[in-house]
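Everything below belongs to coords-v2.txt, which stores compact mmCIF, C-alpha atoms and all ligand atoms.
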```
# COMPACT_ATOMS: atom_id res chain seq x y z
CA MET Q 1 49.36 82.96 20.17
CA GLN Q 2 46.06 84.72 20.97
CA LEU Q 3 44.75 88.18 20.10
CA ASN Q 4 44.39 91.23 22.36
CA ASP Q 5 41.56 93.74 22.08
CA THR Q 6 44.02 96.03 20.32
CA ILE Q 7 44.11 97.36 16.80
CA VAL Q 8 47.12 98.73 14.95
CA VAL Q 9 46.27 101.83 12.95
CA THR Q 10 48.78 103.11 10.38
CA GLY Q 11 48.74 106.80 9.47
CA GLY Q 12 46.59 107.61 12.49
CA ALA Q 13 48.06 111.11 12.87
CA GLY Q 14 46.83 112.15 9.42
CA PHE Q 15 43.43 113.54 8.49
CA ILE Q 16 41.21 110.46 8.25
CA GLY Q 17 43.35 108.30 10.54
CA SER Q 18 43.19 110.75 13.44
CA ASN Q 19 39.43 111.17 13.04
CA PHE Q 20 39.16 107.37 13.07
CA VAL Q 21 41.30 106.94 16.21
CA LEU Q 22 39.30 109.61 18.08
CA ASP Q 23 36.03 108.06 16.95
CA TRP Q 24 37.18 104.51 17.78
CA LEU Q 25 38.20 105.38 21.32
CA ALA Q 26 35.12 107.55 21.91
CA GLY Q 27 33.06 104.54 20.86
CA SER Q 28 34.82 102.39 23.48
CA GLY Q 29 36.85 100.38 20.99
CA GLY Q 30 39.89 98.61 22.45
CA ARG Q 31 43.49 99.92 22.57
CA VAL Q 32 45.02 101.61 19.53
CA VAL Q 33 48.68 101.34 18.55
CA ASN Q 34 49.13 104.15 16.07
CA LEU Q 35 52.10 103.76 13.70
CA ASP Q 36 52.80 107.01 11.89
CA LEU Q 37 55.96 108.45 10.35
CA LEU Q 38 54.73 112.00 11.05
CA THR Q 39 55.47 113.28 7.56
CA TYR Q 40 54.33 116.81 6.69
CA ALA Q 41 50.76 115.40 6.71
CA GLY Q 42 50.94 113.74 10.13
CA ASN Q 43 50.26 115.88 13.16
CA PRO Q 44 50.21 114.72 16.80
CA ALA Q 45 48.12 117.82 17.60
CA ASN Q 46 45.19 116.03 15.90
CA LEU Q 47 45.35 113.57 18.80
CA ALA Q 48 45.78 116.11 21.60
CA ALA Q 49 42.47 115.01 23.16
CA LEU Q 50 44.08 111.62 23.88
CA THR Q 51 47.00 112.96 25.92
CA GLY Q 52 47.34 110.77 29.01
CA ASP Q 53 44.90 108.16 27.65
CA ALA Q 54 46.60 104.78 28.14
CA ARG Q 55 44.42 103.23 25.43
CA HIS Q 56 46.38 105.11 22.75
CA VAL Q 57 50.06 104.58 21.92
CA LEU Q 58 51.62 106.71 19.17
CA VAL Q 59 54.71 105.12 17.63
CA ARG Q 60 56.70 107.32 15.27
CA GLY Q 61 57.93 104.97 12.57
CA ASP Q 62 57.83 103.91 8.95
CA ILE Q 63 55.49 101.26 7.52
CA CYS Q 64 58.38 100.39 5.16
CA ASP Q 65 60.45 99.14 8.15
CA PRO Q 66 59.77 95.37 8.44
CA GLU Q 67 61.57 94.91 11.79
CA LEU Q 68 59.55 97.68 13.42
CA VAL Q 69 56.25 96.51 11.95
CA GLY Q 70 56.89 92.86 12.87
CA SER Q 71 57.94 93.70 16.42
CA LEU Q 72 54.85 95.89 16.95
CA PHE Q 73 52.58 93.03 15.83
CA ARG Q 74 54.32 90.50 18.12
CA GLU Q 75 54.39 92.86 21.11
CA HIS Q 76 50.79 94.13 20.92
CA ARG Q 77 49.06 91.10 19.33
CA PRO Q 78 46.40 93.18 17.52
CA ARG Q 79 43.11 91.69 16.39
CA ALA Q 80 43.14 93.98 13.36
CA ILE Q 81 45.28 96.30 11.27
CA VAL Q 82 43.54 99.38 9.85
CA HIS Q 83 45.84 100.76 7.18
CA PHE Q 84 45.53 104.48 6.36
CA ALA Q 85 49.20 105.47 5.99
CA ALA Q 86 49.88 106.85 2.53
CA GLU Q 87 51.08 109.76 0.50
CA SER Q 88 47.67 111.15 -0.40
CA HIS Q 89 47.85 114.35 -2.47
CA VAL Q 90 47.43 114.01 -6.24
CA ASP Q 91 49.26 117.27 -7.05
CA ARG Q 92 52.31 116.16 -5.04
CA SER Q 93 52.27 112.81 -6.88
CA ILE Q 94 52.61 114.72 -10.15
CA VAL Q 95 55.56 116.78 -8.88
CA GLY Q 96 57.30 113.85 -7.09
CA PRO Q 97 55.83 110.37 -7.56
CA GLU Q 98 58.63 108.38 -5.92
CA ALA Q 99 57.45 108.84 -2.33
CA PHE Q 100 54.04 107.53 -3.44
CA LEU Q 101 55.51 104.34 -4.84
CA ARG Q 102 57.59 103.85 -1.72
CA THR Q 103 54.93 104.35 0.94
CA ASN Q 104 51.78 103.32 -0.88
CA ILE Q 105 53.11 100.24 -2.68
CA HIS Q 106 56.22 99.08 -0.82
CA GLY Q 107 54.83 100.13 2.57
CA THR Q 108 51.63 98.16 1.98
CA PHE Q 109 53.71 95.16 0.89
CA VAL Q 110 55.76 95.32 4.10
CA LEU Q 111 52.60 95.49 6.21
CA LEU Q 112 51.04 92.56 4.35
CA GLU Q 113 54.16 90.44 4.62
CA GLN Q 114 54.54 91.13 8.35
CA ALA Q 115 50.81 90.61 8.91
CA LYS Q 116 51.00 87.27 7.09
CA GLN Q 117 53.84 86.08 9.31
CA TYR Q 118 52.11 87.25 12.49
CA TRP Q 119 48.77 85.78 11.43
CA SER Q 120 50.35 82.40 10.51
CA ASP Q 121 51.61 82.03 14.09
CA LEU Q 122 48.18 82.60 15.65
CA ASP Q 123 45.99 79.78 16.97
CA GLU Q 124 43.11 78.69 14.75
CA GLU Q 125 40.39 80.81 16.38
CA SER Q 126 42.57 83.93 16.34
CA ARG Q 127 43.49 83.34 12.69
CA ARG Q 128 39.81 83.29 11.87
CA ASP Q 129 39.10 86.50 13.80
CA PHE Q 130 42.05 88.59 12.58
CA ARG Q 131 41.43 91.31 9.95
CA PHE Q 132 43.63 93.46 7.70
CA LEU Q 133 41.56 96.44 6.54
CA HIS Q 134 43.08 98.45 3.71
CA VAL Q 135 41.76 101.98 3.18
CA SER Q 136 41.80 102.92 -0.49
CA THR Q 137 40.22 105.40 -2.85
CA ASP Q 138 37.68 105.69 -5.66
CA GLU Q 139 40.46 107.23 -7.79
CA VAL Q 140 41.63 103.69 -8.70
CA TYR Q 141 38.62 103.49 -11.06
CA GLY Q 142 39.72 106.47 -13.16
CA THR Q 143 37.32 109.08 -14.45
CA LEU Q 144 33.64 109.21 -15.46
CA GLY Q 145 31.71 111.08 -18.13
CA PRO Q 146 28.69 113.14 -17.05
CA ASP Q 147 26.16 110.35 -17.71
CA ASP Q 148 28.24 107.30 -16.78
CA PRO Q 149 26.97 105.11 -13.94
CA ALA Q 150 28.78 105.58 -10.63
CA PHE Q 151 31.79 103.39 -9.71
CA SER Q 152 30.80 100.01 -8.30
CA GLU Q 153 33.06 97.33 -6.85
CA THR Q 154 33.16 95.64 -10.25
CA THR Q 155 34.21 98.73 -12.23
CA PRO Q 156 37.58 97.94 -13.88
CA TYR Q 157 40.60 99.69 -12.42
CA ALA Q 158 41.93 102.53 -14.62
CA PRO Q 159 44.02 104.82 -12.38
CA ASN Q 160 45.12 108.08 -14.03
CA SER Q 161 47.49 109.84 -11.60
CA PRO Q 162 50.66 108.46 -10.00
CA TYR Q 163 48.77 108.64 -6.67
CA ALA Q 164 45.84 106.61 -8.02
CA ALA Q 165 48.21 104.11 -9.71
CA SER Q 166 50.09 103.59 -6.44
CA LYS Q 167 46.84 103.00 -4.54
CA ALA Q 168 45.63 100.61 -7.27
CA ALA Q 169 48.87 98.64 -6.96
CA SER Q 170 48.41 98.41 -3.19
CA ASP Q 171 44.81 97.20 -3.64
CA HIS Q 172 46.04 94.45 -5.95
CA LEU Q 173 48.65 93.35 -3.42
CA VAL Q 174 46.01 93.19 -0.69
CA ARG Q 175 43.79 91.11 -2.93
CA ALA Q 176 46.68 88.78 -3.81
CA TYR Q 177 47.57 88.17 -0.15
CA HIS Q 178 44.03 86.99 0.41
CA HIS Q 179 43.81 84.90 -2.74
CA THR Q 180 47.22 83.26 -2.41
CA PHE Q 181 47.81 83.07 1.34
CA GLY Q 182 44.30 83.33 2.78
CA LEU Q 183 45.09 86.49 4.78
CA PRO Q 184 41.69 87.82 6.00
CA VAL Q 185 41.67 91.20 4.23
CA LEU Q 186 39.02 93.84 3.59
CA THR Q 187 39.36 96.83 1.25
CA THR Q 188 37.37 100.05 1.28
CA ASN Q 189 37.38 102.47 -1.69
CA CYS Q 190 35.98 105.79 -0.61
CA SER Q 191 35.31 109.14 -2.23
CA ASN Q 192 36.75 112.55 -1.27
CA ASN Q 193 36.60 113.07 2.48
CA TYR Q 194 36.17 116.44 4.19
CA GLY Q 195 35.93 117.56 7.80
CA PRO Q 196 38.12 118.58 10.78
CA TYR Q 197 41.91 118.09 10.71
CA GLN Q 198 42.29 117.95 6.93
CA PHE Q 199 45.64 119.36 5.87
CA PRO Q 200 45.06 122.67 4.06
CA GLU Q 201 46.63 121.58 0.77
CA LYS Q 202 43.34 119.84 -0.17
CA LEU Q 203 40.48 121.71 -1.83
CA ILE Q 204 38.05 122.38 1.01
CA PRO Q 205 40.38 123.51 3.84
CA LEU Q 206 42.56 125.46 1.39
CA MET Q 207 39.55 127.40 0.12
CA ILE Q 208 38.21 128.05 3.63
CA LEU Q 209 41.51 129.56 4.77
CA ASN Q 210 42.14 131.55 1.60
CA ALA Q 211 38.57 132.91 1.70
CA LEU Q 212 39.02 133.91 5.33
CA GLU Q 213 42.23 135.76 4.51
CA GLY Q 214 40.97 137.39 1.31
CA LYS Q 215 43.44 135.49 -0.89
CA PRO Q 216 42.75 134.18 -4.42
CA LEU Q 217 40.76 130.92 -4.56
CA PRO Q 218 42.62 128.90 -7.23
CA VAL Q 219 40.11 126.76 -9.15
CA TYR Q 220 41.80 124.37 -11.58
CA GLY Q 221 40.61 124.41 -15.22
CA ASP Q 222 36.94 125.34 -15.68
CA GLY Q 223 35.91 124.25 -12.16
CA ALA Q 224 33.35 121.78 -13.55
CA ASN Q 225 35.16 118.67 -12.27
CA VAL Q 226 32.86 116.68 -10.01
CA ARG Q 227 33.72 114.93 -6.73
CA ASP Q 228 31.46 112.92 -4.41
CA TRP Q 229 32.01 114.36 -0.93
CA LEU Q 230 32.01 112.13 2.16
CA PHE Q 231 31.99 113.62 5.67
CA VAL Q 232 34.95 112.08 7.50
CA LYS Q 233 32.85 110.92 10.46
CA ASP Q 234 30.64 108.95 8.08
CA HIS Q 235 33.76 107.36 6.66
CA CYS Q 236 34.83 106.34 10.18
CA SER Q 237 31.49 104.65 10.84
CA ALA Q 238 31.73 102.85 7.49
CA ILE Q 239 35.17 101.48 8.36
CA ARG Q 240 33.83 100.24 11.68
CA ALA Q 241 30.97 98.46 9.92
CA VAL Q 242 33.28 96.85 7.36
CA LEU Q 243 35.73 95.77 10.06
CA GLU Q 244 33.00 94.23 12.18
CA ARG Q 245 30.73 92.71 9.57
CA GLY Q 246 32.42 92.88 6.16
CA ARG Q 247 32.93 89.66 4.22
CA VAL Q 248 36.58 88.65 4.15
CA GLY Q 249 38.25 89.20 0.78
CA GLU Q 250 35.63 91.74 -0.35
CA SER Q 251 35.89 95.40 -1.36
CA TYR Q 252 33.32 97.99 -0.30
CA ASN Q 253 32.78 101.35 -2.00
CA ILE Q 254 32.04 104.15 0.47
CA GLY Q 255 30.50 107.43 -0.71
CA GLY Q 256 28.58 110.43 0.54
CA ASN Q 257 25.79 110.64 -2.09
CA SER Q 258 27.00 114.21 -2.60
CA GLU Q 259 28.29 114.86 -6.10
CA ARG Q 260 29.24 118.50 -6.51
CA LYS Q 261 31.17 120.56 -9.07
CA ASN Q 262 34.31 122.15 -7.63
CA LEU Q 263 33.05 125.61 -8.51
CA ASP Q 264 29.83 125.01 -6.55
CA VAL Q 265 31.83 123.76 -3.55
CA VAL Q 266 34.06 126.84 -3.61
CA GLY Q 267 31.06 129.16 -4.00
CA ALA Q 268 29.32 127.54 -1.03
CA ILE Q 269 32.49 127.99 1.06
CA CYS Q 270 32.59 131.69 0.14
CA ASP Q 271 28.98 132.14 1.26
CA LEU Q 272 29.58 130.33 4.56
CA VAL Q 273 32.71 132.35 5.36
CA ASP Q 274 30.81 135.55 4.44
CA GLU Q 275 28.07 134.56 6.88
CA LEU Q 276 30.28 133.37 9.74
CA ARG Q 277 32.98 136.07 9.46
CA GLN Q 278 31.08 139.12 8.31
CA ASP Q 279 33.29 141.80 6.80
CA ALA Q 280 31.50 144.69 5.11
CA ALA Q 281 34.69 145.94 3.46
CA MET Q 282 35.30 142.52 1.88
CA GLY Q 283 31.92 142.15 0.14
CA SER Q 284 31.17 138.72 -1.36
CA ARG Q 285 34.19 136.43 -1.20
CA ARG Q 286 33.06 134.83 -4.47
CA LYS Q 287 35.02 137.61 -6.18
CA LEU Q 288 38.21 135.87 -4.98
CA ILE Q 289 37.55 132.85 -7.24
CA THR Q 290 40.44 132.68 -9.74
CA PHE Q 291 40.63 130.15 -12.56
CA VAL Q 292 44.16 128.76 -12.83
CA LYS Q 293 46.07 126.30 -15.00
CA ASP Q 294 44.54 122.83 -14.81
CA ARG Q 295 46.06 119.79 -13.12
CA PRO Q 296 47.66 117.53 -15.78
CA GLY Q 297 45.46 114.45 -16.35
CA HIS Q 298 42.75 115.93 -14.11
CA ASP Q 299 39.95 113.36 -13.63
CA ARG Q 300 36.64 114.90 -14.66
CA ARG Q 301 34.15 113.13 -12.43
CA TYR Q 302 34.07 110.64 -9.55
CA ALA Q 303 30.83 109.11 -8.29
CA ILE Q 304 30.35 106.20 -5.91
CA ASP Q 305 27.68 103.55 -5.94
CA ALA Q 306 27.62 102.60 -2.25
CA SER Q 307 24.68 100.20 -2.51
CA LYS Q 308 26.76 97.11 -1.58
CA VAL Q 309 27.81 98.43 1.84
CA GLY Q 310 24.22 99.63 2.40
CA ARG Q 311 22.68 96.31 1.43
CA GLU Q 312 25.16 94.00 3.14
CA LEU Q 313 26.18 95.99 6.21
CA GLY Q 314 23.35 98.49 6.67
CA TRP Q 315 25.70 101.48 6.38
CA ASN Q 316 24.57 104.76 4.84
CA PRO Q 317 26.06 108.26 5.19
CA ALA Q 318 24.37 110.27 7.94
CA GLU Q 319 25.57 113.77 6.99
CA ASN Q 320 24.33 115.78 4.02
CA PHE Q 321 26.87 117.97 2.25
CA GLU Q 322 25.43 121.36 3.18
CA ASP Q 323 25.41 120.59 6.93
CA GLY Q 324 28.78 118.83 6.80
CA LEU Q 325 30.35 121.77 4.98
CA ARG Q 326 28.94 124.23 7.52
CA ARG Q 327 30.35 122.13 10.39
CA THR Q 328 33.70 121.99 8.61
CA VAL Q 329 33.93 125.73 7.90
CA ARG Q 330 32.99 126.44 11.52
CA TRP Q 331 35.65 123.99 12.77
CA TYR Q 332 38.44 125.73 10.83
CA LEU Q 333 37.32 129.20 11.91
CA GLU Q 334 37.30 128.06 15.55
CA ASN Q 335 40.62 126.22 15.38
CA MET Q 336 43.06 128.77 13.99
CA ASP Q 337 45.73 127.63 16.50
CA TRP Q 338 45.70 124.23 14.82
CA VAL Q 339 45.91 125.93 11.41
CA GLU Q 340 48.91 128.03 12.44
CA GLY Q 341 50.56 124.85 13.78
CA VAL Q 342 50.44 123.12 10.39
CA ARG Q 343 51.59 126.12 8.38
CA THR Q 344 55.26 125.33 8.76
CA GLY Q 345 58.06 126.26 6.38
CA ALA Q 346 57.46 123.05 4.38
CA TYR Q 347 53.82 124.02 3.89
CA LEU Q 348 54.71 127.48 2.65
CA LYS Q 349 57.24 126.00 0.23
CA TRP Q 350 54.58 123.67 -1.25
CA MET Q 351 52.11 126.53 -1.67
CA GLU Q 352 54.73 128.54 -3.53
CA GLN Q 353 55.74 125.56 -5.69
CA ASN Q 354 52.19 124.52 -6.64
CA TYR Q 355 50.52 127.88 -7.14
CA SER Q 356 53.07 130.49 -8.25
CA GLU Q 357 53.25 129.15 -11.79
CA ARG Q 358 49.52 128.34 -11.95
CA LEU Q 359 48.49 131.84 -10.90
CA SER Q 360 50.88 133.70 -13.19
P1 LIG B 1 46.92 112.20 5.05
O1 LIG B 1 47.92 112.56 4.00
O2 LIG B 1 46.19 113.28 5.78
O3 LIG B 1 47.63 111.31 6.18
C1 LIG B 1 48.53 110.28 5.88
C2 LIG B 1 49.21 109.84 7.17
O4 LIG B 1 50.13 108.78 6.85
C3 LIG B 1 50.04 110.96 7.81
O5 LIG B 1 49.80 110.99 9.20
C4 LIG B 1 51.48 110.55 7.52
O6 LIG B 1 52.40 111.00 8.50
C5 LIG B 1 51.36 109.03 7.48
N1 LIG B 1 52.43 108.40 6.69
C6 LIG B 1 52.85 108.75 5.45
N2 LIG B 1 53.87 107.95 5.06
C7 LIG B 1 54.06 107.06 6.08
C8 LIG B 1 54.97 105.97 6.26
N3 LIG B 1 55.87 105.63 5.33
N4 LIG B 1 54.89 105.27 7.42
C9 LIG B 1 53.98 105.60 8.39
N5 LIG B 1 53.13 106.63 8.25
C10 LIG B 1 53.16 107.35 7.11
O7 LIG B 1 45.92 111.20 4.35
P2 LIG B 1 44.36 111.02 4.56
O8 LIG B 1 43.65 112.02 3.73
O9 LIG B 1 44.07 110.92 6.01
O10 LIG B 1 44.14 109.60 3.86
C11 LIG B 1 44.22 108.39 4.60
C12 LIG B 1 44.02 107.22 3.67
O11 LIG B 1 42.76 107.33 3.04
C13 LIG B 1 45.06 107.14 2.55
O12 LIG B 1 45.40 105.79 2.36
C14 LIG B 1 44.33 107.69 1.34
O13 LIG B 1 44.82 107.12 0.15
C15 LIG B 1 42.91 107.26 1.62
N6 LIG B 1 41.88 108.12 1.04
C16 LIG B 1 41.82 109.45 1.35
C17 LIG B 1 40.81 110.24 0.80
C18 LIG B 1 40.67 111.70 1.15
O14 LIG B 1 39.76 112.35 0.64
N7 LIG B 1 41.48 112.26 2.03
C19 LIG B 1 39.89 109.69 -0.09
C20 LIG B 1 39.99 108.33 -0.40
C21 LIG B 1 40.98 107.56 0.18
P1 LIG B 2 41.79 117.47 -3.92
O1 LIG B 2 41.27 117.99 -2.62
O2 LIG B 2 43.25 117.63 -4.20
O3 LIG B 2 41.32 115.96 -4.04
P2 LIG B 2 41.42 114.92 -5.31
O4 LIG B 2 42.31 115.49 -6.35
O5 LIG B 2 42.01 113.71 -4.66
O6 LIG B 2 40.02 114.74 -5.78
O7 LIG B 2 41.00 118.19 -5.08
C1 LIG B 2 39.60 118.10 -5.20
C2 LIG B 2 39.20 118.76 -6.50
O8 LIG B 2 39.51 120.17 -6.42
C3 LIG B 2 39.98 118.25 -7.70
O9 LIG B 2 39.10 118.22 -8.83
C4 LIG B 2 41.06 119.28 -7.92
C5 LIG B 2 40.42 120.57 -7.45
N1 LIG B 2 41.33 121.60 -6.86
C6 LIG B 2 41.28 122.91 -7.32
O10 LIG B 2 40.49 123.26 -8.22
N2 LIG B 2 42.12 123.82 -6.75
C7 LIG B 2 43.01 123.50 -5.77
O11 LIG B 2 43.78 124.38 -5.31
C8 LIG B 2 43.03 122.15 -5.30
C9 LIG B 2 43.98 121.73 -4.20
C10 LIG B 2 42.17 121.23 -5.86
```
Translate this file's structure into structure tokens.
Amino acid sequence: MQLNDTIVVTGGAGFIGSNFVLDWLAGSGGRVVNLDLLTYAGNPANLAALTGDARHVLVRGDICDPELVGSLFREHRPRAIVHFAAESHVDRSIVGPEAFLRTNIHGTFVLLEQAKQYWSDLDEESRRDFRFLHVSTDEVYGTLGPDDPAFSETTPYAPNSPYAASKAASDHLVRAYHHTFGLPVLTTNCSNNYGPYQFPEKLIPLMILNALEGKPLPVYGDGANVRDWLFVKDHCSAIRAVLERGRVGESYNIGGNSERKNLDVVGAICDLVDELRQDAAMGSRRKLITFVKDRPGHDRRYAIDASKVGRELGWNPAENFEDGLRRTVRWYLENMDWVEGVRTGAYLKWMEQNYSERLS
């Protein structure tokens, strides 16, 4: 069996996945078969620009369903799988970890097993060209002190949240399928993404929308936790580079060279919303910042050493944080229809569940 110029993307209706699919097709990549369960985090509206585009097929389905996954591989004969699908929110993994174990661990296992079977039936040249790219996180490495060196690909795994533990388990499975069966895998471990289409349960979009509406801005703990922020379009270009030129069996850390304290991020968002939506009666939106009960087990600092992907593949982030944040704030302010579309009953229930106790 030979390969088509098709890739299967999982979770391509979520935040990073949809940015990747749009970017891939804009960059004249081949067809995309997009397998997404459309959970609360998946939104076909992210892909509205592709309506009527025959190069994109959205299949609503579960990565845990081996028959569906196997039949998609045999029907479309992809040259690569790019695996984004996951439960991705740390706070939800604390309230209800089971869905994380199911999708992130078992789902990745099903994909690997079906990919192995499909790949084994390919001719020799196609077997050599096929790739399974697994998108993971820097959270598998645990937490850093203020002066610790940034995470590199050789930093030992020490996941602290159920989310991070489930992603770590999936990374180990991916590694094992390469080591034991020779499946041509690649893994990327990236830092916190931000940009258009991020579901507003995550820090940056949540703060933009609350600031706009004059609601409290709930900062966990003392707000001095540090994240390394990666503009989502830079992440998409990194995945492309790893898919095209990455060494099989390797992991690549992807970061934005933009370590910031949460409190500084939230303050910068306040200033941008003040500037772009001037409201004399409101005054500075920084007064909305409200310190709330911390996340249990909250990792203090993440930082990425992305020198391997720079050295080997020539990839570096193009966007600096200040410009990327401005673009992001502007995008949310100009896309309030999209925002209203994702604020369903389930979203409101989560906001009540996560914040009512923290704020009181
Ligand atoms: P997201 O939560 O926005 O989207 C996840 C997508 O997966 C959704 O479209 C959802 O419907 C789909 N999905 C969930 N369960 C599924 C299942 N069982 N079968 C098929 N589809 C399913 O997530 P995201 O922020 O876009 O993250 C994408 C990937 O990148 C994840 O693997 C995540 O761990 C990783 N990652 C994200 C970040 C970040 O900052 N967002 C950072 C590092 C790594
Ligand atoms: P988040 O966007 O959930 O990403 P992650 O936990 O995967 O890094 O959170 C980013 C940081 O912001 C993290 O340190 C937790 C913090 N945070 C708040 O202070 N308040 C909030 O309401 C949220 C959602 C996050």
### Polymer residues at most 12 Å from range 263-268 of chain Q, only C-alpha atoms, same-chain spacing of 6 or more positions, as an NGL selection string
:Q and (194 or 203-211 or 216-229 or 274-275 or 284-291 or 321-326 or 328-329)
### Message
List the spatial neighbours of range 353-357 of chain Q as a list in words - criterion: any atom at most 9 Å away, all atoms listed in the file, same-chain residues fewer than 2 positions off excluded.
### Response
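Non-adjacent residues within range: Asp91, Arg92, Val95, Pro218, Val292, Lys293, Leu348, Lys349, Trp350, Met351, Leu359 and Ser360 of chain Q.
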As JSON, what would the box around ligand LIG 2 (chain B) look like: edges along x, y and z, 5 Å added on every side, centre and edge lengths in Å to one decimal?
```
{"center_x": 41.5, "center_y": 119.0, "center_z": -5.7, "size_x": 14.9, "size_y": 20.7, "size_z": 16.2}
```
Enumerate residues in contact with ligand LIG 1 (chain B): an atom-to-atom distance of at most 8 Å, counting only C-alpha atoms and all ligand atoms. Format the result as a tab-separated table (two decimals) with C-alpha atoms, keeping the file's coordinate frame.
```tsv
chain	number	residue	atom	x	y	z
Q	10	THR	CA	48.78	103.11	10.38
Q	11	GLY	CA	48.74	106.80	9.47
Q	12	GLY	CA	46.59	107.61	12.49
Q	13	ALA	CA	48.06	111.11	12.87
Q	14	GLY	CA	46.83	112.15	9.42
Q	15	PHE	CA	43.43	113.54	8.49
Q	16	ILE	CA	41.21	110.46	8.25
Q	17	GLY	CA	43.35	108.30	10.54
Q	18	SER	CA	43.19	110.75	13.44
Q	35	LEU	CA	52.10	103.76	13.70
Q	36	ASP	CA	52.80	107.01	11.89
Q	37	LEU	CA	55.96	108.45	10.35
Q	38	LEU	CA	54.73	112.00	11.05
Q	39	THR	CA	55.47	113.28	7.56
Q	40	TYR	CA	54.33	116.81	6.69
Q	41	ALA	CA	50.76	115.40	6.71
Q	42	GLY	CA	50.94	113.74	10.13
Q	43	ASN	CA	50.26	115.88	13.16
Q	60	ARG	CA	56.70	107.32	15.27
Q	61	GLY	CA	57.93	104.97	12.57
Q	62	ASP	CA	57.83	103.91	8.95
Q	63	ILE	CA	55.49	101.26	7.52
Q	64	CYS	CA	58.38	100.39	5.16
Q	83	HIS	CA	45.84	100.76	7.18
Q	84	PHE	CA	45.53	104.48	6.36
Q	85	ALA	CA	49.20	105.47	5.99
Q	86	ALA	CA	49.88	106.85	2.53
Q	87	GLU	CA	51.08	109.76	0.50
Q	88	SER	CA	47.67	111.15	-0.40
Q	89	HIS	CA	47.85	114.35	-2.47
Q	102	ARG	CA	57.59	103.85	-1.72
Q	103	THR	CA	54.93	104.35	0.94
Q	104	ASN	CA	51.78	103.32	-0.88
Q	107	GLY	CA	54.83	100.13	2.57
Q	134	HIS	CA	43.08	98.45	3.71
Q	135	VAL	CA	41.76	101.98	3.18
Q	136	SER	CA	41.80	102.92	-0.49
Q	137	THR	CA	40.22	105.40	-2.85
Q	138	ASP	CA	37.68	105.69	-5.66
Q	139	GLU	CA	40.46	107.23	-7.79
Q	167	LYS	CA	46.84	103.00	-4.54
Q	189	ASN	CA	37.38	102.47	-1.69
Q	190	CYS	CA	35.98	105.79	-0.61
Q	191	SER	CA	35.31	109.14	-2.23
Q	192	ASN	CA	36.75	112.55	-1.27
Q	193	ASN	CA	36.60	113.07	2.48
Q	194	TYR	CA	36.17	116.44	4.19
Q	198	GLN	CA	42.29	117.95	6.93
Q	199	PHE	CA	45.64	119.36	5.87
Q	230	LEU	CA	32.01	112.13	2.16
```
### Minimum-distance residue to Gly249 in chain Q, chosen among Q:Asn34, Q:Thr180, Q:Ser237, Q:Asn316 (using only C-alpha atoms)
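Residue with the minimum atom-to-atom distance to Gly249 in chain Q: Q:Thr180.
Atom pair CA of Thr187 in chain Q / CA of Arg74 in chain Q has a distance of 23.4 Å (rounded to one decimal).
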### Query
Between Q:Tyr177, Q:Tyr252, Q:Phe109, Q:Phe20, which has the minimum distance to Asp305 in chain Q (counting all atoms listed in the file)?
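Closest residue, counting all atoms listed in the file: Q:Tyr252.
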### Query
Between CA of Glu319 in chain Q and CA of Cys270 in chain Q, what is the distance, to one decimal in Å?
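These atoms are spaced 20.4 Å apart.
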Would you mind listing what lies within 12 Å of Glu75 in chain Q as a PDB file with C-alpha atoms, keeping the file's coordinate frame, with all atoms listed in the file counted and same-chain residues fewer than 5 positions away left out?
```
ATOM      1  CA  MET Q   1      49.360  82.960  20.170  1.00  0.00           C
ATOM      2  CA  GLN Q   2      46.060  84.720  20.970  1.00  0.00           C
ATOM      3  CA  LEU Q   3      44.750  88.180  20.100  1.00  0.00           C
ATOM      4  CA  ASN Q   4      44.390  91.230  22.360  1.00  0.00           C
ATOM      5  CA  THR Q   6      44.020  96.030  20.320  1.00  0.00           C
ATOM      6  CA  VAL Q   8      47.120  98.730  14.950  1.00  0.00           C
ATOM      7  CA  VAL Q  33      48.680 101.340  18.550  1.00  0.00           C
ATOM      8  CA  GLU Q  67      61.570  94.910  11.790  1.00  0.00           C
ATOM      9  CA  LEU Q  68      59.550  97.680  13.420  1.00  0.00           C
ATOM     10  CA  VAL Q  69      56.250  96.510  11.950  1.00  0.00           C
ATOM     11  CA  GLY Q  70      56.890  92.860  12.870  1.00  0.00           C
ATOM     12  CA  TYR Q 118      52.110  87.250  12.490  1.00  0.00           C
TER      13      TYR Q 118
END
```
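The shortest atom-to-atom distance to Glu312 in chain Q, with all atoms listed in the file taken into account, belongs to Q:Val242 out of Q:Val242, Q:Ala164, Q:Leu58, Q:Leu144.
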### Query
Residues at most 7 Å from Asp234 in chain Q, counting all atoms listed in the file, excluding those fewer than 4 positions away in the same chain, as a list in words?
Leu230, Ala238, Pro317 and Ala318 of chain Q
Let's have the selection written as an mmCIF file, in the frame of the given file, with C-alpha atoms.
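And here's result-v7.cif as it stands now:
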```cif
data_model
loop_
_atom_site.group_PDB
_atom_site.id
_atom_site.type_symbol
_atom_site.label_atom_id
_atom_site.label_comp_id
_atom_site.auth_asym_id
_atom_site.auth_seq_id
_atom_site.Cartn_x
_atom_site.Cartn_y
_atom_site.Cartn_z
ATOM 1 C CA LEU Q 230 32.010 112.130 2.160
ATOM 2 C CA ALA Q 238 31.730 102.850 7.490
ATOM 3 C CA PRO Q 317 26.060 108.260 5.190
ATOM 4 C CA ALA Q 318 24.370 110.270 7.940
#
```
#### Entry: Among the residues Q:Arg358, Q:Lys233, Q:Arg77, Q:Arg128, the one that comes closest to Asn320 in chain Q [using only C-alpha atoms]
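When distances to Asn320 in chain Q are compared using only C-alpha atoms, the smallest one comes from Q:Lys233.
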